[in-house]
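The structure under discussion appears below in the form of structure tokens.
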Amino acid sequence: MRTALRRSPVELPARAAATEQRDGWTVVLRYEGEERHGGPWLVDLSHRRRWDYQDRNVGAHTPMDLPVPPEFGEVGVHGPFVINRMNRTQAAIWHLGAGSPPKSPRAAGLTETTDGHCMLAFVSHGVSAALEHLTPLDLFDPSRATPFLTQGPVLRVPCQIVTFAPDLVVMSLARGHGRTFVRAALASGGVAGLRIGGEGIFNRRFTKV
């Protein structure tokens, strides 16, 4: 059976130096000139698998064998998986670790949302300075234990944002906003040195979470 051809919702204005074909996606591992810049980096992770889980008793379940965090805004990291408690009835599951993601399980209340979203990572020192130019949200509240989830507007676009550390933030937004969002993010965050990076930059940092 032929693998479906998938395209990222964003087009990054840089020349790829190393790519990989994965589940129908062309994934950029590294861009030319990365070694000349120390970050912060904007990395396209739209190819990473994502699911939405909904149930009126969501906190009592373990979708994909993952415990749902008990409080709204809490985030659990379980190996390659991240599960975000969004509200009373909903949790989001992201596959962010290296390696092949699982096939979507057939389970009530679980829906794969990969193709409907854009996912971006902000990596390395200077991330907080770059994001200050994109949103008024406090994504680095010292009173909250990392990782934590924030839901709100970035560049006026509704986003799910997980702060893993001062140098690592991942966000998800509707696919249709992808191109204009990235252009605006690079223009606004460029004041703080935001540049385009390949998946390898994210992989190396996420292994330390």
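We name chains A, B, ... following the order of the structure tokens; residues begin at 1 in each chain, and ligands are numbered from 1 as shown.
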Using only C-alpha atoms, find each residue of stretch 167-188 of chain A with at least one atom at most 12 Å away from an atom of stretch 50-55 of chain A; report its shortest atom-to-atom pair and that distance in Å (one decimal), sort the rows by chain and rising residue number, and return the result as JSON lines.
{"residue": "A:Met171", "atom": "CA", "partner": "A:Arg50", "partner_atom": "CA", "distance": 11.8}
{"residue": "A:Ser172", "atom": "CA", "partner": "A:Arg50", "partner_atom": "CA", "distance": 9.5}
{"residue": "A:Leu173", "atom": "CA", "partner": "A:Arg50", "partner_atom": "CA", "distance": 11.7}
Print the selection's residues with C-alpha atoms to a file, as a PDB file, in the first residue's frame.
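See part.pdb below for the written result:
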ATOM      1  CA  MET A 171       2.736  25.020  20.679  1.00  0.00           C
ATOM      2  CA  SER A 172      -0.097  23.725  18.521  1.00  0.00           C
ATOM      3  CA  LEU A 173      -2.522  25.797  16.448  1.00  0.00           C
TER       4      LEU A 173
END
With a distance cut-off of 9 Å and only C-alpha atoms, select the neighbouring residues of stretch 121-130 of chain A, excluding the residue or stretch itself and same-chain residues fewer than 2 positions from it, and output the selection as a VMD selection string. chain A and resid 38 to 45 119 132 to 134 139 to 140 166 to 172 185 188 to 194 197 201 to 202 205
Generate a file of the selected residues that holds C-alpha atoms, formatted as a JSON list (two decimals), in the first residue's frame.
[["chain", "number", "residue", "atom", "x", "y", "z"],
["A", 38, "GLY", "CA", 23.19, 29.62, 18.46],
["A", 39, "GLY", "CA", 19.45, 30.11, 18.67],
["A", 40, "PRO", "CA", 16.74, 30.68, 19.55],
["A", 41, "TRP", "CA", 15.28, 28.38, 16.93],
["A", 42, "LEU", "CA", 11.83, 27.91, 15.40],
["A", 43, "VAL", "CA", 11.33, 24.23, 14.47],
["A", 44, "ASP", "CA", 8.43, 22.79, 12.46],
["A", 45, "LEU", "CA", 6.99, 19.71, 14.21],
["A", 119, "MET", "CA", 2.95, 22.34, 15.64],
["A", 132, "GLU", "CA", 7.74, 38.25, 24.44],
["A", 133, "HIS", "CA", 7.41, 39.77, 20.98],
["A", 134, "LEU", "CA", 4.66, 37.28, 20.01],
["A", 139, "LEU", "CA", 4.60, 31.49, 29.48],
["A", 140, "PHE", "CA", 7.38, 31.44, 32.09],
["A", 166, "PRO", "CA", 13.00, 28.44, 29.75],
["A", 167, "ASP", "CA", 14.67, 27.17, 26.57],
["A", 168, "LEU", "CA", 11.92, 24.85, 25.28],
["A", 169, "VAL", "CA", 8.32, 25.72, 24.37],
["A", 170, "VAL", "CA", 6.04, 23.75, 22.02],
["A", 171, "MET", "CA", 2.74, 25.02, 20.68],
["A", 172, "SER", "CA", -0.10, 23.73, 18.52],
["A", 185, "ALA", "CA", 6.68, 34.85, 14.25],
["A", 188, "SER", "CA", 8.52, 39.63, 15.31],
["A", 189, "GLY", "CA", 10.85, 37.15, 17.01],
["A", 190, "GLY", "CA", 13.69, 38.05, 14.68],
["A", 191, "VAL", "CA", 14.29, 41.10, 16.87],
["A", 192, "ALA", "CA", 15.42, 38.62, 19.54],
["A", 193, "GLY", "CA", 17.39, 36.50, 17.05],
["A", 194, "LEU", "CA", 14.75, 33.86, 16.24],
["A", 197, "GLY", "CA", 16.07, 25.18, 12.75],
["A", 201, "ILE", "CA", 17.77, 20.70, 17.23],
["A", 202, "PHE", "CA", 14.47, 19.84, 18.89],
["A", 205, "ARG", "CA", 16.82, 19.22, 23.56]]
Check the DSSP output for the backbone and give back, as an mmCIF file with C-alpha atoms, in the first residue's frame, the residues of stretch 38-202 of chain A in alpha helix (DSSP H).
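Below is the file part.cif, written as the result:
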data_model
loop_
_atom_site.group_PDB
_atom_site.id
_atom_site.type_symbol
_atom_site.label_atom_id
_atom_site.label_comp_id
_atom_site.auth_asym_id
_atom_site.auth_seq_id
_atom_site.Cartn_x
_atom_site.Cartn_y
_atom_site.Cartn_z
ATOM 1 C CA VAL A 127 13.248 31.679 23.662
ATOM 2 C CA SER A 128 11.602 33.811 26.347
ATOM 3 C CA ALA A 129 12.857 37.018 24.722
ATOM 4 C CA ALA A 130 11.553 35.909 21.314
ATOM 5 C CA LEU A 131 8.126 34.934 22.650
ATOM 6 C CA GLU A 132 7.738 38.254 24.443
ATOM 7 C CA GLY A 178 0.346 28.040 9.772
ATOM 8 C CA ARG A 179 1.893 30.061 6.941
ATOM 9 C CA THR A 180 0.960 33.531 8.147
ATOM 10 C CA PHE A 181 1.758 32.583 11.750
ATOM 11 C CA VAL A 182 5.295 31.490 10.920
ATOM 12 C CA ARG A 183 5.987 34.559 8.790
ATOM 13 C CA ALA A 184 4.789 36.827 11.595
ATOM 14 C CA ALA A 185 6.680 34.852 14.249
ATOM 15 C CA LEU A 186 9.965 35.116 12.355
ATOM 16 C CA ALA A 187 9.427 38.818 11.700
ATOM 17 C CA SER A 188 8.523 39.633 15.311
ATOM 18 C CA GLY A 189 10.852 37.151 17.011
ATOM 19 C CA GLU A 199 14.125 18.701 13.767
ATOM 20 C CA GLY A 200 17.531 17.588 15.046
ATOM 21 C CA ILE A 201 17.770 20.697 17.229
ATOM 22 C CA PHE A 202 14.467 19.844 18.892
#
Would you please extract all strand (DSSP E) residues from stretch 54-167 of chain A, as assigned by DSSP on the backbone, and give them as a count of residues only? 42
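Each of A:Gly73, A:Gly116, A:Pro153, A:Pro136 was compared to A:Met86 using only C-alpha atoms, and A:Gly73 turns out to be the nearest.
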Can you tell me which residues surround A:Leu5 at a distance of at most 10 Å, considering only C-alpha atoms, apart from same-chain residues fewer than 3 positions away, and format the answer as a VMD selection string? chain A and resid 2 22 to 26
Between atom CA of A:Ala108 and atom CA of A:Ala174, what is the distance in Å, rounded to a tenth?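 Between atom CA of A:Ala108 and atom CA of A:Ala174 the gap works out to 23.1 Å.
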Find the residues near stretch 59-63 of chain A: any atom within 9 Å, counting only C-alpha atoms, skip ones fewer than 4 places away on the same chain, and give them as an NGL selection string. :A and (53 or 55 or 67-71 or 85 or 88-91 or 93 or 107 or 109-110)
Create the file for the chosen residues now, containing C-alpha atoms and written as a PDB file, in the first residue's frame.
ATOM      1  CA  TYR A  53      -9.271  12.717  23.997  1.00  0.00           C
ATOM      2  CA  ASP A  55     -14.815  12.119  28.047  1.00  0.00           C
ATOM      3  CA  PRO A  67      -2.657   8.918  33.081  1.00  0.00           C
ATOM      4  CA  VAL A  68      -4.575  12.163  32.576  1.00  0.00           C
ATOM      5  CA  PRO A  69      -3.168  14.930  34.800  1.00  0.00           C
ATOM      6  CA  PRO A  70      -5.634  15.716  37.610  1.00  0.00           C
ATOM      7  CA  GLU A  71      -5.597  19.524  37.323  1.00  0.00           C
ATOM      8  CA  ARG A  85      -5.074  18.406  30.683  1.00  0.00           C
ATOM      9  CA  ARG A  88     -12.948  19.247  32.594  1.00  0.00           C
ATOM     10  CA  THR A  89     -13.609  16.890  29.676  1.00  0.00           C
ATOM     11  CA  GLN A  90     -10.611  17.116  27.339  1.00  0.00           C
ATOM     12  CA  ALA A  91      -6.936  16.179  27.132  1.00  0.00           C
ATOM     13  CA  ILE A  93      -1.777  13.814  23.561  1.00  0.00           C
ATOM     14  CA  ALA A 107     -10.886   3.902  21.251  1.00  0.00           C
ATOM     15  CA  GLY A 109     -13.355   9.526  22.610  1.00  0.00           C
ATOM     16  CA  LEU A 110      -9.916   9.446  20.960  1.00  0.00           C
TER      17      LEU A 110
END
Report as a PyMOL selection string all protein, DNA and RNA residues lying within 10 Å of A:Pro80, evaluated on only C-alpha atoms, omitting residues in the same chain fewer than 5 positions from it. chain A and resi 94-101+206-207
For A:Ala92, which of A:Thr114, A:Ser8, A:Thr163, A:Asn57 is the closest residue, counting only C-alpha atoms?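 For A:Ala92, the nearest of the candidates is A:Thr114.
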In terms of the shortest atom-to-atom distance over only C-alpha atoms, which of A:Gln21, A:Ser46, A:Asn84, A:Thr113 is closest to A:Thr150?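 Closest to A:Thr150, using only C-alpha atoms: A:Asn84.
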